[in-house]
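J.: What follows is a structure written as structure tokens; I'll ask about it next.
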Amino acid sequence: MRASACAFAGTTLSRIGDNWMSYQVLARKWRPMSFAELSGQEHVVTALTNSLSRGRIHHAYLLTGTRGVGKTTIARILAKSLNCVTGVTATPCGVCAACTEIDAGRFVDLLELDAASNTGIDNMREILDNARYAPTVGRYKVYLIDEVHMLSRAAFNSMLKTLEEPPEHVKFVLATTDPQKIPVTVLSRCLQFNLKPLSPQLIGERIGHILAAEGIAFDAGGVALLARAASGSLRDGLSLLDQAIAYGGGTVAESVVRTMLGAVERDYVYRIVGALAASDGPALMAESDALAARGLAAASALDELASLFHRIAVVQAVPDAATNYDDAERVAAFASQFSPESVQLAYQICAQGRVDLALAPDEATGFTMTLLRLLAFEPAAAVSPAIAPRSERAAATAPASRQVAPVREAPPASNIAAVMPLPASAAPVTAAPPPPGPVVALPAEPAAWPEFVAALKLTGMAAQLAAQTELKAINNNALTLALPVAHKHLADKVFADKLKSALEQATGRRLLLAFEVGAATESSLAATEKRERAEARAKGEAAFRDEPFVRDLLATFDGQVKPDSITPLTRDGGTK
Ligand SMILES: [Zn+2]
């Protein structure tokens, strides 16, 4: 399986296809089966464990938190706790019929519903009608409603009455990534637990544990990269881990993971920030060229830069925080070379530069312009006196706007402050860089892909490529796209990167795209539009043939209709 993947086209993009199986295996294999096995979320586990031990069980729980932090896992363990034959317990046995069937996903009294695909009131009525009946085999009927915020208002209303006075044998576990969208009337009837994103350390530990148990060779650097790329989601982390294992031919090494993630070696980032501190324009351009020559993704380079400025800002605000970082010494050194204001500005320029990448003529240009912006808009007054003397060279490179300080009154030439206003508070202390731009959800199923693509209003090659692709599979942040052989030239890395940037900007998520050339089945946006045009024409032709006058004509003169000659008339009688 892996051998064939490696032989495939030789690009980094083509290899994901075979990973779904191993993804299933790893994520299922390592799904925590008990509260004790659960990573993070101690506050939730403690509360649930206490209430289960005391037999004080609420009838409706609401679990909130981002993707892949354990909502469904906790819900299933709770279902086992309620239905284990050993009695209601915080430590279900794991071996009885109820426990094993819940683990296998086929326990008749655990009803899992994905509200994203069952939003209507009819579904809800059916469920609530069913709730009146006693459990078939278990002690409790547990309704797990995932993405509950997607329910329609009518569906929420019909749920209210049951939530107010639920039958004794019914427990609701509602899960959502977006609690803001849940009506207050529903919220007030639920016991709410907020699950936290997992720290990179915790995800790294878990990945390391799994790799060790699976007997897979790895190095700490590779695991740390995966853990950071997981963005707080253990599920995303395991998905990336699977890709890394397949990509690395059964091992997880830093260099391989770095290539897979398109991540930039950190040393570049230190040299770039060092050049900024020294106002050394030529050195900055040299680093930019080197990056382009190595074909490294500008988006991840800007991520790394933003991440470094974030660490610098944190250390400036809380010097002790440096011990959390593996590059503590360098971060501390930079922290003394920049003013907090210039670090804030630099962070914003990197974040905005990432957004602008999608609009740039090409990645290298977009990246270079962002570096120049960092150089140009670094407030002169903010640089510490220690490095204030600048070489003639650097002064020549830096435009006059450099003299326009202070940061909080952004120079008119810059729209950065207007686009991304400075936060009122100081440096973000723990938060990761937020995804820039407005956010739309990825399609829930392949069939919705053409509509999703059309709504994105992409331009240029990203639009061309997107229109010809079909969504074969979607698994967390990894999309497998099929491309007809006739359009395989569109799978070029440059176009693929443009599409990736555009999708990431639209969805606010980091994504992995894999292309399967030749696997298309005529359900791309382009194919759909072509079919719609053909159908419209056929309909026009049929309507034309049905005209009594035309029918007579055809019958009388044994004539033939030339389909291409049929043109629909516009309202005012002219042809379109
Ligand atoms: Zn049991």
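Each chain in the structure tokens gets a letter, A, B and so on, in the order shown; residues start at 1 in every chain, and ligands are counted from 1 in the order they appear.
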What does the list of residues within 8 Å of ligand 1 look like if you count only C-alpha atoms and all ligand atoms, written as a list in words?

T.: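 If we count only C-alpha atoms and all ligand atoms, the neighbours of ligand 1 turn out to be Lys80, Ser81, Asn83, Cys84, Val85, Thr86, Pro92, Cys93, Gly94, Val95, Cys96, Ala97, Ala98, Cys99 and Thr100 of chain A.
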
J.: With N, CA and C atoms kept, could you save the residues just selected as a compact mmCIF listing (two decimals), in the first residue's frame?

T.:
# COMPACT_ATOMS: atom_id res chain seq x y z
N LYS A 80 -21.27 4.43 28.60
CA LYS A 80 -20.86 3.17 29.24
C LYS A 80 -21.07 3.25 30.75
N SER A 81 -20.70 4.40 31.33
CA SER A 81 -20.85 4.58 32.78
C SER A 81 -22.29 4.39 33.21
N ASN A 83 -24.60 2.60 31.56
CA ASN A 83 -25.21 1.34 31.13
C ASN A 83 -24.42 0.09 31.46
N CYS A 84 -23.23 0.26 32.01
CA CYS A 84 -22.40 -0.91 32.36
C CYS A 84 -23.19 -1.84 33.29
N VAL A 85 -23.10 -3.15 33.05
CA VAL A 85 -23.88 -4.09 33.87
C VAL A 85 -23.44 -4.08 35.33
N THR A 86 -22.24 -3.56 35.60
CA THR A 86 -21.81 -3.51 37.00
C THR A 86 -22.52 -2.41 37.77
N PRO A 92 -16.54 2.21 34.16
CA PRO A 92 -17.22 1.09 33.51
C PRO A 92 -16.25 -0.06 33.25
N CYS A 93 -16.79 -1.30 33.29
CA CYS A 93 -15.91 -2.47 33.26
C CYS A 93 -15.20 -2.65 31.93
N GLY A 94 -15.83 -2.26 30.84
CA GLY A 94 -15.17 -2.37 29.54
C GLY A 94 -15.30 -3.75 28.91
N VAL A 95 -15.87 -4.72 29.64
CA VAL A 95 -15.95 -6.08 29.09
C VAL A 95 -17.38 -6.61 28.97
N CYS A 96 -18.32 -5.97 29.65
CA CYS A 96 -19.70 -6.47 29.58
C CYS A 96 -20.28 -6.17 28.19
N ALA A 97 -21.47 -6.73 27.94
CA ALA A 97 -22.08 -6.56 26.62
C ALA A 97 -22.30 -5.08 26.31
N ALA A 98 -22.82 -4.34 27.31
CA ALA A 98 -23.11 -2.92 27.07
C ALA A 98 -21.83 -2.17 26.73
N CYS A 99 -20.78 -2.36 27.54
CA CYS A 99 -19.51 -1.64 27.32
C CYS A 99 -18.94 -1.97 25.95
N THR A 100 -18.86 -3.26 25.62
CA THR A 100 -18.23 -3.64 24.36
C THR A 100 -19.05 -3.17 23.16

J.: When DSSP works through the backbone of this structure, what residues of stretch 248-327 of chain A end up as helix (DSSP H, G or I), shown as a ChimeraX atom specification?

T.: /A:254-261,266-277,281-293,298-317,319-324

J.: For a test of reading the model, state the distance in Å between atom CA of A:Leu503 and atom CA of A:Asn118, rounded to one decimal.

T.: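 About the pair atom CA of A:Leu503 and atom CA of A:Asn118: they are 25.8 Å apart.
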
J.: Which residues come within 9 Å of A:Ala229, counting only C-alpha atoms, excluding same-chain residues fewer than 5 positions away, as a list in words?

T.: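 Selected residues are Pro200, Ala224, Asp236, Gly237, Leu240, Leu261 and Arg510 of chain A.
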
J.: Can those selected residues be exported to a file as a compact mmCIF listing (two decimals), in the first residue's frame so that it contains all heavy atoms?

T.:
# COMPACT_ATOMS: atom_id res chain seq x y z
N PRO A 200 0.20 21.69 22.92
CA PRO A 200 1.13 20.92 22.08
C PRO A 200 1.90 19.87 22.90
O PRO A 200 2.14 18.77 22.42
CB PRO A 200 2.08 21.99 21.53
CG PRO A 200 1.30 23.25 21.59
CD PRO A 200 0.40 23.13 22.77
N ALA A 224 7.23 16.92 17.88
CA ALA A 224 6.92 18.30 18.29
C ALA A 224 6.27 19.08 17.15
O ALA A 224 5.32 19.84 17.36
CB ALA A 224 8.21 19.01 18.75
N ASP A 236 -6.86 15.74 15.06
CA ASP A 236 -6.06 16.24 13.94
C ASP A 236 -4.62 15.78 14.08
O ASP A 236 -3.96 15.44 13.10
CB ASP A 236 -6.11 17.78 13.88
CG ASP A 236 -7.43 18.29 13.35
OD1 ASP A 236 -8.31 17.45 13.09
OD2 ASP A 236 -7.58 19.51 13.20
N GLY A 237 -4.13 15.77 15.31
CA GLY A 237 -2.77 15.33 15.56
C GLY A 237 -2.56 13.89 15.13
O GLY A 237 -1.57 13.55 14.48
N LEU A 240 -2.62 13.65 11.35
CA LEU A 240 -1.32 14.06 10.80
C LEU A 240 -0.27 12.98 11.05
O LEU A 240 0.59 12.72 10.21
CB LEU A 240 -0.87 15.38 11.45
CG LEU A 240 -1.62 16.63 11.01
CD1 LEU A 240 -1.24 17.80 11.90
CD2 LEU A 240 -1.32 16.95 9.56
N LEU A 261 4.69 18.77 6.11
CA LEU A 261 3.87 19.90 6.56
C LEU A 261 4.20 21.16 5.77
O LEU A 261 3.54 22.18 5.93
CB LEU A 261 4.10 20.17 8.05
CG LEU A 261 3.64 19.08 9.00
CD1 LEU A 261 4.08 19.41 10.42
CD2 LEU A 261 2.14 18.90 8.96
N ARG A 510 -5.96 25.09 8.76
CA ARG A 510 -4.85 24.55 8.00
C ARG A 510 -5.31 23.27 7.32
O ARG A 510 -5.95 22.43 7.95
CB ARG A 510 -3.70 24.21 8.92
CG ARG A 510 -2.91 25.43 9.25
CD ARG A 510 -1.53 24.98 9.60
NE ARG A 510 -0.97 25.97 10.51
CZ ARG A 510 0.23 25.84 11.03
NH1 ARG A 510 0.94 24.76 10.79
NH2 ARG A 510 0.69 26.76 11.81

J.: Under the rule that only C-alpha atoms are counted, which of A:Leu26, A:Ala462, A:Ala175, A:Ala491 is the nearest residue to A:Glu214?

T.: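 Once distances to A:Glu214 are computed over only C-alpha atoms, the minimum belongs to A:Leu26.
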
J.: Atom CA of A:Glu287 and atom CA of A:Tyr268, how far apart in Å?

T.: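 Separating atom CA of A:Tyr268 from atom CA of A:Glu287 is a distance of 7.0 Å.
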
J.: List the spatial neighbours of stretch 143-149 of chain A as a PDB file with all heavy atoms, in the first residue's frame - criterion: any atom at most 8 Å away, only C-alpha atoms, same-chain residues fewer than 4 positions off excluded.

T.:
ATOM      1  N   THR A  72     -17.020  13.536  21.655  1.00  0.00           N
ATOM      2  CA  THR A  72     -17.703  12.264  21.389  1.00  0.00           C
ATOM      3  C   THR A  72     -17.148  11.156  22.274  1.00  0.00           C
ATOM      4  O   THR A  72     -17.885  10.302  22.768  1.00  0.00           O
ATOM      5  CB  THR A  72     -17.544  11.887  19.907  1.00  0.00           C
ATOM      6  OG1 THR A  72     -17.796  13.042  19.121  1.00  0.00           O
ATOM      7  CG2 THR A  72     -18.522  10.815  19.522  1.00  0.00           C
ATOM      8  N   ALA A  75     -18.654  11.460  25.609  1.00  0.00           N
ATOM      9  CA  ALA A  75     -20.060  11.057  25.552  1.00  0.00           C
ATOM     10  C   ALA A  75     -20.190   9.531  25.567  1.00  0.00           C
ATOM     11  O   ALA A  75     -21.052   8.969  26.244  1.00  0.00           O
ATOM     12  CB  ALA A  75     -20.715  11.633  24.304  1.00  0.00           C
ATOM     13  N   LEU A 110     -27.743   3.579  22.702  1.00  0.00           N
ATOM     14  CA  LEU A 110     -26.973   4.812  22.490  1.00  0.00           C
ATOM     15  C   LEU A 110     -27.295   5.287  21.084  1.00  0.00           C
ATOM     16  O   LEU A 110     -26.924   4.651  20.098  1.00  0.00           O
ATOM     17  CB  LEU A 110     -25.467   4.567  22.639  1.00  0.00           C
ATOM     18  CG  LEU A 110     -24.565   5.746  22.217  1.00  0.00           C
ATOM     19  CD1 LEU A 110     -24.833   6.991  23.060  1.00  0.00           C
ATOM     20  CD2 LEU A 110     -23.083   5.380  22.314  1.00  0.00           C
ATOM     21  N   LEU A 111     -28.032   6.388  21.002  1.00  0.00           N
ATOM     22  CA  LEU A 111     -28.461   6.868  19.700  1.00  0.00           C
ATOM     23  C   LEU A 111     -27.648   8.099  19.329  1.00  0.00           C
ATOM     24  O   LEU A 111     -27.793   9.142  19.957  1.00  0.00           O
ATOM     25  CB  LEU A 111     -29.960   7.175  19.717  1.00  0.00           C
ATOM     26  CG  LEU A 111     -30.786   5.914  19.956  1.00  0.00           C
ATOM     27  CD1 LEU A 111     -31.305   5.890  21.383  1.00  0.00           C
ATOM     28  CD2 LEU A 111     -31.909   5.815  18.960  1.00  0.00           C
ATOM     29  N   GLU A 112     -26.768   7.925  18.360  1.00  0.00           N
ATOM     30  CA  GLU A 112     -25.905   9.037  17.949  1.00  0.00           C
ATOM     31  C   GLU A 112     -26.496   9.714  16.726  1.00  0.00           C
ATOM     32  O   GLU A 112     -26.839   9.079  15.747  1.00  0.00           O
ATOM     33  CB  GLU A 112     -24.497   8.523  17.625  1.00  0.00           C
ATOM     34  CG  GLU A 112     -23.792   7.988  18.851  1.00  0.00           C
ATOM     35  CD  GLU A 112     -22.311   7.738  18.613  1.00  0.00           C
ATOM     36  OE1 GLU A 112     -21.725   8.444  17.786  1.00  0.00           O
ATOM     37  OE2 GLU A 112     -21.765   6.825  19.266  1.00  0.00           O
ATOM     38  N   LEU A 113     -26.631  11.021  16.840  1.00  0.00           N
ATOM     39  CA  LEU A 113     -27.234  11.787  15.760  1.00  0.00           C
ATOM     40  C   LEU A 113     -26.311  12.938  15.405  1.00  0.00           C
ATOM     41  O   LEU A 113     -25.834  13.645  16.280  1.00  0.00           O
ATOM     42  CB  LEU A 113     -28.583  12.337  16.237  1.00  0.00           C
ATOM     43  CG  LEU A 113     -29.357  13.183  15.245  1.00  0.00           C
ATOM     44  CD1 LEU A 113     -30.178  12.294  14.337  1.00  0.00           C
ATOM     45  CD2 LEU A 113     -30.262  14.153  15.969  1.00  0.00           C
ATOM     46  N   ASP A 114     -26.045  13.095  14.128  1.00  0.00           N
ATOM     47  CA  ASP A 114     -25.253  14.230  13.684  1.00  0.00           C
ATOM     48  C   ASP A 114     -26.201  15.339  13.233  1.00  0.00           C
ATOM     49  O   ASP A 114     -26.833  15.226  12.190  1.00  0.00           O
ATOM     50  CB  ASP A 114     -24.332  13.806  12.537  1.00  0.00           C
ATOM     51  CG  ASP A 114     -23.488  14.966  12.052  1.00  0.00           C
ATOM     52  OD1 ASP A 114     -23.475  16.019  12.724  1.00  0.00           O
ATOM     53  OD2 ASP A 114     -22.852  14.822  11.002  1.00  0.00           O
ATOM     54  N   ALA A 115     -26.312  16.368  14.043  1.00  0.00           N
ATOM     55  CA  ALA A 115     -27.283  17.427  13.739  1.00  0.00           C
ATOM     56  C   ALA A 115     -26.938  18.156  12.450  1.00  0.00           C
ATOM     57  O   ALA A 115     -27.795  18.764  11.825  1.00  0.00           O
ATOM     58  CB  ALA A 115     -27.358  18.422  14.899  1.00  0.00           C
ATOM     59  N   ALA A 116     -25.675  18.066  12.029  1.00  0.00           N
ATOM     60  CA  ALA A 116     -25.283  18.753  10.794  1.00  0.00           C
ATOM     61  C   ALA A 116     -26.025  18.175   9.595  1.00  0.00           C
ATOM     62  O   ALA A 116     -26.292  18.869   8.629  1.00  0.00           O
ATOM     63  CB  ALA A 116     -23.781  18.632  10.591  1.00  0.00           C
ATOM     64  N   VAL A 170     -34.030   8.543  30.150  1.00  0.00           N
ATOM     65  CA  VAL A 170     -33.396   9.226  29.012  1.00  0.00           C
ATOM     66  C   VAL A 170     -32.315  10.200  29.483  1.00  0.00           C
ATOM     67  O   VAL A 170     -32.522  10.952  30.440  1.00  0.00           O
ATOM     68  CB  VAL A 170     -34.446   9.984  28.175  1.00  0.00           C
ATOM     69  CG1 VAL A 170     -33.776  10.922  27.191  1.00  0.00           C
ATOM     70  CG2 VAL A 170     -35.324   8.986  27.442  1.00  0.00           C
ATOM     71  N   LYS A 171     -31.159  10.142  28.850  1.00  0.00           N
ATOM     72  CA  LYS A 171     -30.098  11.129  29.093  1.00  0.00           C
ATOM     73  C   LYS A 171     -29.692  11.740  27.747  1.00  0.00           C
ATOM     74  O   LYS A 171     -29.555  11.023  26.762  1.00  0.00           O
ATOM     75  CB  LYS A 171     -28.862  10.458  29.712  1.00  0.00           C
ATOM     76  CG  LYS A 171     -29.125   9.758  31.038  1.00  0.00           C
ATOM     77  CD  LYS A 171     -29.403  10.734  32.151  1.00  0.00           C
ATOM     78  CE  LYS A 171     -29.865  10.017  33.415  1.00  0.00           C
ATOM     79  NZ  LYS A 171     -30.593  10.929  34.323  1.00  0.00           N
ATOM     80  N   PHE A 172     -29.550  13.059  27.767  1.00  0.00           N
ATOM     81  CA  PHE A 172     -29.089  13.745  26.561  1.00  0.00           C
ATOM     82  C   PHE A 172     -27.630  14.158  26.733  1.00  0.00           C
ATOM     83  O   PHE A 172     -27.262  14.697  27.782  1.00  0.00           O
ATOM     84  CB  PHE A 172     -29.912  15.013  26.309  1.00  0.00           C
ATOM     85  CG  PHE A 172     -31.265  14.734  25.720  1.00  0.00           C
ATOM     86  CD1 PHE A 172     -32.399  14.692  26.528  1.00  0.00           C
ATOM     87  CD2 PHE A 172     -31.396  14.509  24.358  1.00  0.00           C
ATOM     88  CE1 PHE A 172     -33.642  14.442  25.987  1.00  0.00           C
ATOM     89  CE2 PHE A 172     -32.639  14.256  23.797  1.00  0.00           C
ATOM     90  CZ  PHE A 172     -33.774  14.223  24.614  1.00  0.00           C
ATOM     91  N   VAL A 173     -26.835  13.896  25.708  1.00  0.00           N
ATOM     92  CA  VAL A 173     -25.492  14.481  25.662  1.00  0.00           C
ATOM     93  C   VAL A 173     -25.415  15.279  24.369  1.00  0.00           C
ATOM     94  O   VAL A 173     -25.444  14.720  23.276  1.00  0.00           O
ATOM     95  CB  VAL A 173     -24.386  13.411  25.682  1.00  0.00           C
ATOM     96  CG1 VAL A 173     -23.016  14.092  25.704  1.00  0.00           C
ATOM     97  CG2 VAL A 173     -24.541  12.505  26.888  1.00  0.00           C
ATOM     98  N   LEU A 174     -25.391  16.589  24.513  1.00  0.00           N
ATOM     99  CA  LEU A 174     -25.307  17.457  23.347  1.00  0.00           C
ATOM    100  C   LEU A 174     -23.860  17.908  23.196  1.00  0.00           C
ATOM    101  O   LEU A 174     -23.195  18.215  24.184  1.00  0.00           O
ATOM    102  CB  LEU A 174     -26.214  18.678  23.517  1.00  0.00           C
ATOM    103  CG  LEU A 174     -27.635  18.382  24.007  1.00  0.00           C
ATOM    104  CD1 LEU A 174     -28.431  19.681  24.140  1.00  0.00           C
ATOM    105  CD2 LEU A 174     -28.347  17.416  23.073  1.00  0.00           C
ATOM    106  N   ALA A 175     -23.380  17.902  21.973  1.00  0.00           N
ATOM    107  CA  ALA A 175     -22.007  18.336  21.725  1.00  0.00           C
ATOM    108  C   ALA A 175     -22.015  19.401  20.655  1.00  0.00           C
ATOM    109  O   ALA A 175     -22.804  19.341  19.715  1.00  0.00           O
ATOM    110  CB  ALA A 175     -21.142  17.152  21.287  1.00  0.00           C
ATOM    111  N   THR A 176     -21.146  20.404  20.827  1.00  0.00           N
ATOM    112  CA  THR A 176     -21.110  21.472  19.832  1.00  0.00           C
ATOM    113  C   THR A 176     -19.755  22.158  19.800  1.00  0.00           C
ATOM    114  O   THR A 176     -19.064  22.236  20.815  1.00  0.00           O
ATOM    115  CB  THR A 176     -22.201  22.532  20.100  1.00  0.00           C
ATOM    116  OG1 THR A 176     -22.126  23.531  19.079  1.00  0.00           O
ATOM    117  CG2 THR A 176     -22.005  23.206  21.437  1.00  0.00           C
ATOM    118  N   THR A 177     -19.402  22.640  18.626  1.00  0.00           N
ATOM    119  CA  THR A 177     -18.224  23.485  18.496  1.00  0.00           C
ATOM    120  C   THR A 177     -18.613  24.952  18.622  1.00  0.00           C
ATOM    121  O   THR A 177     -17.761  25.818  18.658  1.00  0.00           O
ATOM    122  CB  THR A 177     -17.562  23.273  17.113  1.00  0.00           C
ATOM    123  OG1 THR A 177     -18.557  23.393  16.102  1.00  0.00           O
ATOM    124  CG2 THR A 177     -16.930  21.911  17.019  1.00  0.00           C
ATOM    125  N   ASP A 178     -19.910  25.232  18.651  1.00  0.00           N
ATOM    126  CA  ASP A 178     -20.368  26.613  18.574  1.00  0.00           C
ATOM    127  C   ASP A 178     -21.556  26.884  19.511  1.00  0.00           C
ATOM    128  O   ASP A 178     -22.687  27.043  19.068  1.00  0.00           O
ATOM    129  CB  ASP A 178     -20.779  26.893  17.115  1.00  0.00           C
ATOM    130  CG  ASP A 178     -20.876  28.387  16.844  1.00  0.00           C
ATOM    131  OD1 ASP A 178     -20.749  29.169  17.799  1.00  0.00           O
ATOM    132  OD2 ASP A 178     -21.093  28.751  15.681  1.00  0.00           O
ATOM    133  N   PRO A 179     -21.278  26.918  20.818  1.00  0.00           N
ATOM    134  CA  PRO A 179     -22.370  27.067  21.793  1.00  0.00           C
ATOM    135  C   PRO A 179     -23.147  28.372  21.657  1.00  0.00           C
ATOM    136  O   PRO A 179     -24.290  28.459  22.116  1.00  0.00           O
ATOM    137  CB  PRO A 179     -21.656  26.982  23.141  1.00  0.00           C
ATOM    138  CG  PRO A 179     -20.225  27.250  22.850  1.00  0.00           C
ATOM    139  CD  PRO A 179     -19.972  26.827  21.456  1.00  0.00           C
ATOM    140  N   LYS A 181     -24.589  29.494  19.243  1.00  0.00           N
ATOM    141  CA  LYS A 181     -25.754  29.358  18.377  1.00  0.00           C
ATOM    142  C   LYS A 181     -26.868  28.541  19.023  1.00  0.00           C
ATOM    143  O   LYS A 181     -27.875  28.262  18.391  1.00  0.00           O
ATOM    144  CB  LYS A 181     -25.341  28.692  17.056  1.00  0.00           C
ATOM    145  CG  LYS A 181     -24.474  29.574  16.185  1.00  0.00           C
ATOM    146  CD  LYS A 181     -24.481  29.095  14.746  1.00  0.00           C
ATOM    147  CE  LYS A 181     -23.530  29.928  13.902  1.00  0.00           C
ATOM    148  NZ  LYS A 181     -22.557  29.108  13.188  1.00  0.00           N
ATOM    149  N   ILE A 182     -26.671  28.148  20.278  1.00  0.00           N
ATOM    150  CA  ILE A 182     -27.699  27.343  20.938  1.00  0.00           C
ATOM    151  C   ILE A 182     -28.618  28.260  21.741  1.00  0.00           C
ATOM    152  O   ILE A 182     -28.146  29.117  22.489  1.00  0.00           O
ATOM    153  CB  ILE A 182     -27.045  26.295  21.847  1.00  0.00           C
ATOM    154  CG1 ILE A 182     -26.227  25.341  20.967  1.00  0.00           C
ATOM    155  CG2 ILE A 182     -28.071  25.535  22.660  1.00  0.00           C
ATOM    156  CD1 ILE A 182     -25.467  24.330  21.733  1.00  0.00           C
TER     157      ILE A 182
END
